[in-house]
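One structure is given here, and the rest of the page talks about it.
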Amino acid sequence: MDVPCFSGVTEGLLRHSANCAAIRAGAKAEKSFPSIRLIPKHTAQDSSKTVLQGSSILRDPHFRPRSAPRANVRDLRHPSPPASLWRSDPNMGTFAVIDPATGQTVAEYPDATAADIENALTSAQSAYRDWSRKTTVAERAALAKRAAELFDERKDELGAIINREMGKPLDQSVGEAEFSGAIAAAFADNAEEWLADEVLEVEDGLKTFFRFQGTGVILGIMPWNYPYYQVARFAVPNLILGNTIVLKHAAQCPESALALEQLFKDAGFPEGAYVNVFATHEQISGIIADDRIQGVSLTGSERAGAIVAEQAGRALKKCVLELGGSDVFLVLDTADLDHAVAHAVGGRMENSGQACNGSKRIVVIDSLFDAFREKFVAAIGGQSYGSDFGPLSSAAATKTLTGQVRGAIDQGAEVLVGSAEPEGNVFTPTVLANITPAMEAYSQELFGPVAQLYRVSSDEEAVELANSSPYGLGSVIICDDLERAERVGDQLEVGMVFIGAAGLEGADVPFGGVKKSGYGRELGRVGMLEFANKKLFRFAG
């Protein structure tokens, strides 16, 4: 069986692949268990049997681990928070490349000095004043288009960097660079339409419209799990809109951070339009409070989001937060159980389970549960290290997930496949069952290849279980009755509902959640306008 590995990255690239039509038409994965494989790009096969043929975000069959794990397996006005709060999050800490497959420190980079931070802010503010305010949308979009081309031209180099930094299998890493280019191209192609004046129909009949302009320098704090994709979807629309960027990347992604800065420079963006800083947590607090900063966008943990939101609130800065998720995958009614299983596996295993919108809670209606369980457990158990998944991103990530799974087991959860005994940073894909509300895992986000499997007896029970999570990012509903699926989706406390398949995101489709998954949107026109000055024009006559 060919199992899709789904996330916004994957589905977005699918929109640029030859199989887009087949997927939208409902092509199913080949129905054979238990052996699970993902087709390398360029493999020519019948699209009726291939969900992801042509996609570059697939497991690289030639990838081999470097070790041999078992098979399948700073602000004066606003004091900084305690260092321990920042350091508990992967976004914060010393900047170093530590290969998660070997544990070896490959390279280290010095933290920014106070002079570095001041230079970054001065440069970004100057670029906003002297470049952004004096160029047109079309001119800025042309530079974004060139950035899109560079993502593709440099995809192999870019892919190798993040493979080493955070362990993403190489083919997926190259595919992420490709999709980042597709995002840049989509914003460039749609910019003049999306940023055109919006005429308002008003009661007095006076000529009235909104004009969308930049607001100034925006601080981006980005995560390690999609080092290029997350930056592209934040930085590109803001640069076209007329903002400039100061970017603080994850501590473990210094080389991809530098590669991105160079890419934007090489695309023609002027000095200061996009500035990378290796900022410490104390410096981030000071940057947020600085009057030159007009907004903050963070993708990361709930804990980091709460800190940044508090600091931004004190300084009266808007922020967009894309935080964690514990998405449900609801199987309510289907004549094609293999399709449901394939998408559940893909939704859970994408990026080795390290996707905020991964399908972490698999919820199945009673009448289908036993058959689904058998197939799903076999499929998860058939995942292979190196081809289907890679190491977790860091020792800290492995420690956290191991502690969560062991805690669930100690509290009575049943392990259907897998274990809580990683080898190095290799965590065996695992399925847990009999999770109850009394267990800590019930309300946690398990960031790795661990699925929770639940049985429900009705749609109402499924909705109640889904909404019991503190998170509200996305969801998937598998149900042949589309009206029923839409009714259930209406009741879910989430930002996104995908019906019929996992991974329905795209370069021009808004992305974001509610509750503790954050607020604001990225991607599409609505994402492009998050940090816009929606300037009102009114004419007396």
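Within each chain, counting starts at residue 1; across the structure tokens, chains are named A, B, ... in the order shown, with ligands numbered 1 upward in that order.
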
Do a neighbour search on Phe539 in chain A at 8 Å with only C-alpha atoms, toss out local chain neighbours closer than 3 positions, and write the hits as a PDB file with N, CA and C atoms, in the first residue's frame.
```pdb
ATOM      1  N   LEU A 206     -20.874  58.136  -0.402  1.00  0.00           N
ATOM      2  CA  LEU A 206     -19.587  58.767  -0.676  1.00  0.00           C
ATOM      3  C   LEU A 206     -18.559  57.729  -1.089  1.00  0.00           C
ATOM      4  N   LYS A 207     -17.661  58.129  -1.958  1.00  0.00           N
ATOM      5  CA  LYS A 207     -16.602  57.222  -2.401  1.00  0.00           C
ATOM      6  C   LYS A 207     -15.745  56.817  -1.198  1.00  0.00           C
ATOM      7  N   THR A 208     -15.687  55.507  -0.956  1.00  0.00           N
ATOM      8  CA  THR A 208     -15.006  54.988   0.225  1.00  0.00           C
ATOM      9  C   THR A 208     -14.297  53.693  -0.138  1.00  0.00           C
TER      10      THR A 208
END
```

Taking the DSSP secondary structure from the backbone, can you list the residues of range 119-364 of chain A that are helix (DSSP H, G or I), as an MDAnalysis selection string? chainID A and resid 119:130 132:134 137:153 155:166 170:194 229:241 254:266 281:289 302:314 337:353

Output file for the selection above: C-alpha atoms, as a short mmCIF file (atom, residue, chain, number, x, y, z; two decimals), in the first residue's frame:
```cif
data_model
loop_
_atom_site.label_atom_id
_atom_site.label_comp_id
_atom_site.auth_asym_id
_atom_site.auth_seq_id
_atom_site.Cartn_x
_atom_site.Cartn_y
_atom_site.Cartn_z
CA ASN A 119 22.04 47.19 13.34
CA ALA A 120 19.27 44.78 12.35
CA LEU A 121 16.53 47.09 13.59
CA THR A 122 18.11 50.17 12.03
CA SER A 123 18.60 48.40 8.71
CA ALA A 124 15.04 47.03 8.63
CA GLN A 125 13.53 50.40 9.53
CA SER A 126 15.61 52.13 6.84
CA ALA A 127 14.54 49.58 4.24
CA TYR A 128 10.89 50.13 5.18
CA ARG A 129 11.22 53.91 4.87
CA ASP A 130 13.45 54.07 1.81
CA SER A 132 9.00 49.61 0.92
CA ARG A 133 7.30 53.02 0.94
CA LYS A 134 8.75 53.94 -2.46
CA VAL A 137 3.28 46.00 -5.15
CA ALA A 138 4.21 44.80 -8.61
CA GLU A 139 7.87 45.68 -8.10
CA ARG A 140 8.03 43.87 -4.78
CA ALA A 141 6.12 40.90 -6.17
CA ALA A 142 8.70 40.55 -8.94
CA LEU A 143 11.39 40.07 -6.32
CA ALA A 144 9.26 37.45 -4.60
CA LYS A 145 8.93 35.67 -7.92
CA ARG A 146 12.70 35.54 -8.20
CA ALA A 147 12.89 34.18 -4.65
CA ALA A 148 10.51 31.43 -5.75
CA GLU A 149 12.88 30.51 -8.56
CA LEU A 150 15.84 30.43 -6.19
CA PHE A 151 14.05 28.05 -3.83
CA ASP A 152 13.74 25.64 -6.70
CA GLU A 153 17.23 26.19 -8.07
CA LYS A 155 16.45 22.87 -3.43
CA ASP A 156 19.10 20.18 -3.14
CA GLU A 157 21.45 22.38 -1.12
CA LEU A 158 18.60 23.65 1.03
CA GLY A 159 17.31 20.14 1.58
CA ALA A 160 20.67 18.85 2.74
CA ILE A 161 20.88 21.66 5.30
CA ILE A 162 17.66 20.84 7.12
CA ASN A 163 18.23 17.11 6.83
CA ARG A 164 21.34 17.69 8.92
CA GLU A 165 19.76 20.27 11.25
CA MET A 166 16.53 18.54 12.26
CA LEU A 170 16.17 14.12 2.51
CA ASP A 171 13.45 13.84 -0.13
CA GLN A 172 10.97 15.57 2.19
CA SER A 173 13.60 18.26 2.87
CA VAL A 174 14.07 18.95 -0.83
CA GLY A 175 10.30 18.95 -1.28
CA GLU A 176 9.91 21.52 1.48
CA ALA A 177 12.23 23.86 -0.39
CA GLU A 178 10.20 23.29 -3.56
CA PHE A 179 6.92 24.03 -1.82
CA SER A 180 8.38 27.17 -0.21
CA GLY A 181 9.08 28.34 -3.74
CA ALA A 182 5.50 27.52 -4.73
CA ILE A 183 4.24 29.65 -1.82
CA ALA A 184 6.44 32.56 -2.88
CA ALA A 185 5.18 32.22 -6.45
CA ALA A 186 1.52 32.07 -5.36
CA PHE A 187 1.84 35.28 -3.35
CA ALA A 188 3.71 36.97 -6.20
CA ASP A 189 1.13 35.93 -8.78
CA ASN A 190 -1.88 36.99 -6.69
CA ALA A 191 -0.46 40.07 -4.98
CA GLU A 192 -1.91 42.80 -7.17
CA GLU A 193 -5.38 41.25 -6.98
CA TRP A 194 -5.26 40.51 -3.26
CA TYR A 229 8.01 26.58 4.67
CA GLN A 230 7.15 28.45 7.88
CA VAL A 231 9.42 31.36 6.95
CA ALA A 232 8.16 31.55 3.37
CA ARG A 233 4.52 31.73 4.35
CA PHE A 234 5.29 34.54 6.86
CA ALA A 235 8.01 36.58 5.17
CA VAL A 236 7.02 36.59 1.50
CA PRO A 237 3.52 38.10 1.85
CA ASN A 238 4.79 40.73 4.26
CA LEU A 239 7.63 41.75 1.96
CA ILE A 240 5.21 42.11 -0.96
CA LEU A 241 2.72 44.02 1.23
CA PRO A 254 21.21 28.50 12.10
CA GLU A 255 22.37 27.31 8.69
CA SER A 256 18.92 27.27 7.11
CA ALA A 257 18.38 30.72 8.68
CA LEU A 258 21.49 32.05 6.96
CA ALA A 259 20.58 30.32 3.70
CA LEU A 260 17.19 32.04 3.73
CA GLU A 261 18.72 35.46 4.37
CA GLN A 262 21.10 34.94 1.46
CA LEU A 263 18.29 33.73 -0.80
CA PHE A 264 16.24 36.89 -0.25
CA LYS A 265 19.31 39.05 -0.87
CA ASP A 266 20.11 37.18 -4.05
CA HIS A 281 15.51 35.38 24.75
CA GLU A 282 16.48 38.63 26.54
CA GLN A 283 17.09 40.28 23.18
CA ILE A 284 13.76 39.12 21.82
CA SER A 285 12.00 40.86 24.69
CA GLY A 286 13.84 44.08 23.83
CA ILE A 287 13.13 43.73 20.11
CA ILE A 288 9.40 43.32 20.72
CA ALA A 289 9.35 46.43 22.93
CA GLU A 302 1.99 27.22 23.51
CA ARG A 303 4.46 28.25 26.21
CA ALA A 304 6.56 30.43 23.91
CA GLY A 305 3.38 31.88 22.41
CA ALA A 306 2.09 32.93 25.82
CA ILE A 307 5.37 34.70 26.63
CA VAL A 308 5.52 36.52 23.30
CA ALA A 309 1.83 37.49 23.42
CA GLU A 310 2.31 38.95 26.92
CA GLN A 311 5.32 40.98 25.83
CA ALA A 312 3.61 42.13 22.63
CA GLY A 313 0.52 43.11 24.61
CA ARG A 314 2.55 45.27 26.98
CA LEU A 337 -11.65 1.76 4.84
CA ASP A 338 -8.24 1.43 3.22
CA HIS A 339 -8.49 5.04 2.03
CA ALA A 340 -9.32 6.12 5.58
CA VAL A 341 -6.41 4.15 7.01
CA ALA A 342 -3.97 5.46 4.43
CA HIS A 343 -4.85 9.07 5.19
CA ALA A 344 -4.81 8.47 8.94
CA VAL A 345 -1.31 6.99 8.68
CA GLY A 346 -0.14 9.80 6.40
CA GLY A 347 -1.69 12.44 8.65
CA ARG A 348 0.07 11.03 11.68
CA MET A 349 3.46 10.15 10.18
CA GLU A 350 4.17 13.29 8.14
CA ASN A 351 7.51 14.82 9.18
CA SER A 352 8.03 11.89 11.56
CA GLY A 353 4.92 12.98 13.44
#
```

Need to verify the contact set: Ile365 in chain A, 6 Å, only C-alpha atoms, exclusion of same-chain residues closer than 4 positions in sequence. Can you return it as a ChimeraX atom specification? /A:332,369,455-457

Export, as a PDB file, in the first residue's frame, the selected residues with N, CA, C and O atoms.
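Result written to part39.pdb:
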```
ATOM      1  N   LEU A 332     -16.214   8.286  10.339  1.00  0.00           N
ATOM      2  CA  LEU A 332     -17.615   8.139  10.699  1.00  0.00           C
ATOM      3  C   LEU A 332     -18.378   7.178   9.809  1.00  0.00           C
ATOM      4  O   LEU A 332     -19.252   6.441  10.267  1.00  0.00           O
ATOM      5  N   PHE A 369     -14.723   0.332  13.965  1.00  0.00           N
ATOM      6  CA  PHE A 369     -13.521   0.403  14.801  1.00  0.00           C
ATOM      7  C   PHE A 369     -12.627  -0.823  14.692  1.00  0.00           C
ATOM      8  O   PHE A 369     -11.415  -0.704  14.486  1.00  0.00           O
ATOM      9  N   ARG A 455     -12.466   4.886  20.287  1.00  0.00           N
ATOM     10  CA  ARG A 455     -13.722   4.347  19.770  1.00  0.00           C
ATOM     11  C   ARG A 455     -14.872   5.214  20.287  1.00  0.00           C
ATOM     12  O   ARG A 455     -14.927   5.546  21.477  1.00  0.00           O
ATOM     13  N   VAL A 456     -15.790   5.585  19.400  1.00  0.00           N
ATOM     14  CA  VAL A 456     -16.982   6.342  19.794  1.00  0.00           C
ATOM     15  C   VAL A 456     -18.218   5.666  19.222  1.00  0.00           C
ATOM     16  O   VAL A 456     -18.145   4.923  18.237  1.00  0.00           O
ATOM     17  N   SER A 457     -19.355   5.941  19.846  1.00  0.00           N
ATOM     18  CA  SER A 457     -20.588   5.278  19.422  1.00  0.00           C
ATOM     19  C   SER A 457     -21.508   6.174  18.607  1.00  0.00           C
ATOM     20  O   SER A 457     -22.517   5.701  18.070  1.00  0.00           O
TER      21      SER A 457
END
```

Could you name the residues that touch Val106 in chain A at 8 Å or less, counting only C-alpha atoms, but leaving out those on the same chain fewer than 4 positions away, as an MDAnalysis selection string? chainID A and resid 96:99

Which residues come within 6 Å of Ala112 in chain A, counting only C-alpha atoms, excluding same-chain residues fewer than 3 positions away, as number ranges by chain? A: 116, 278-279

I need the residues from that last selection saved to file as an mmCIF file, in the first residue's frame (with N, CA and C atoms), if you can.
```
data_model
loop_
_atom_site.group_PDB
_atom_site.id
_atom_site.type_symbol
_atom_site.label_atom_id
_atom_site.label_comp_id
_atom_site.auth_asym_id
_atom_site.auth_seq_id
_atom_site.Cartn_x
_atom_site.Cartn_y
_atom_site.Cartn_z
ATOM 1 N N ASP A 116 24.657 43.997 17.048
ATOM 2 C CA ASP A 116 24.012 43.256 15.954
ATOM 3 C C ASP A 116 22.508 43.526 15.931
ATOM 4 N N PHE A 278 20.550 36.107 15.297
ATOM 5 C CA PHE A 278 20.675 35.015 16.261
ATOM 6 C C PHE A 278 20.447 35.599 17.654
ATOM 7 N N ALA A 279 19.198 35.958 17.924
ATOM 8 C CA ALA A 279 18.848 36.675 19.147
ATOM 9 C C ALA A 279 18.624 35.727 20.318
#
```

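CA of Gly407 in chain A is positioned 8.4 Å from CA of Met439 in chain A.
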
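Of the listed residues A:Val246, A:Leu416, A:Leu446, A:Val494, the one whose atoms come nearest to Lys399 in chain A is A:Leu446, with distances taken using only C-alpha atoms.
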
Set the distance at 10 Å and use only C-alpha atoms: which residues neighbour Val199 in chain A once local chain neighbours fewer than 6 positions away are removed? I'd like the list as a ChimeraX atom specification. /A:207-211,536-537

Output N, CA, C and O atoms of each residue in that selection to a file, as a PDB file, in the first residue's frame.
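Printed below is selection37.pdb as written:
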```
ATOM      1  N   LYS A 207     -17.661  58.129  -1.958  1.00  0.00           N
ATOM      2  CA  LYS A 207     -16.602  57.222  -2.401  1.00  0.00           C
ATOM      3  C   LYS A 207     -15.745  56.817  -1.198  1.00  0.00           C
ATOM      4  O   LYS A 207     -15.171  57.675  -0.522  1.00  0.00           O
ATOM      5  N   THR A 208     -15.687  55.507  -0.956  1.00  0.00           N
ATOM      6  CA  THR A 208     -15.006  54.988   0.225  1.00  0.00           C
ATOM      7  C   THR A 208     -14.297  53.693  -0.138  1.00  0.00           C
ATOM      8  O   THR A 208     -14.884  52.830  -0.787  1.00  0.00           O
ATOM      9  N   PHE A 209     -13.056  53.595   0.262  1.00  0.00           N
ATOM     10  CA  PHE A 209     -12.363  52.325   0.020  1.00  0.00           C
ATOM     11  C   PHE A 209     -11.229  52.123   1.015  1.00  0.00           C
ATOM     12  O   PHE A 209     -10.744  53.078   1.628  1.00  0.00           O
ATOM     13  N   PHE A 210     -10.852  50.852   1.141  1.00  0.00           N
ATOM     14  CA  PHE A 210      -9.664  50.489   1.907  1.00  0.00           C
ATOM     15  C   PHE A 210      -8.476  50.397   0.948  1.00  0.00           C
ATOM     16  O   PHE A 210      -8.606  49.871  -0.164  1.00  0.00           O
ATOM     17  N   ARG A 211      -7.331  50.867   1.386  1.00  0.00           N
ATOM     18  CA  ARG A 211      -6.079  50.626   0.675  1.00  0.00           C
ATOM     19  C   ARG A 211      -5.143  49.891   1.628  1.00  0.00           C
ATOM     20  O   ARG A 211      -5.003  50.283   2.785  1.00  0.00           O
ATOM     21  N   LEU A 536      -8.281  53.668   5.413  1.00  0.00           N
ATOM     22  CA  LEU A 536      -9.575  54.078   4.873  1.00  0.00           C
ATOM     23  C   LEU A 536      -9.469  55.408   4.141  1.00  0.00           C
ATOM     24  O   LEU A 536      -8.935  56.385   4.664  1.00  0.00           O
ATOM     25  N   PHE A 537      -9.969  55.437   2.919  1.00  0.00           N
ATOM     26  CA  PHE A 537     -10.080  56.672   2.133  1.00  0.00           C
ATOM     27  C   PHE A 537     -11.559  57.029   1.991  1.00  0.00           C
ATOM     28  O   PHE A 537     -12.384  56.169   1.662  1.00  0.00           O
TER      29      PHE A 537
END
```

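Separating CA of Leu368 in chain A from CA of Ala501 in chain A is a distance of 17.2 Å.
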
Can you list every residue of range 380-446 of chain A that has an atom at most 10 Å from range 321-330 of chain A, with its nearest atom pair and the distance in Å to one decimal, using only C-alpha atoms, ordered by chain then number, as CSV?
```
residue,atom,partner,partner_atom,distance
A:Tyr442,CA,A:Ser326,CA,9.6
A:Ser443,CA,A:Ser326,CA,8.2
A:Gln444,CA,A:Ser326,CA,7.4
A:Glu445,CA,A:Ser326,CA,5.3
A:Leu446,CA,A:Ser326,CA,7.6
```
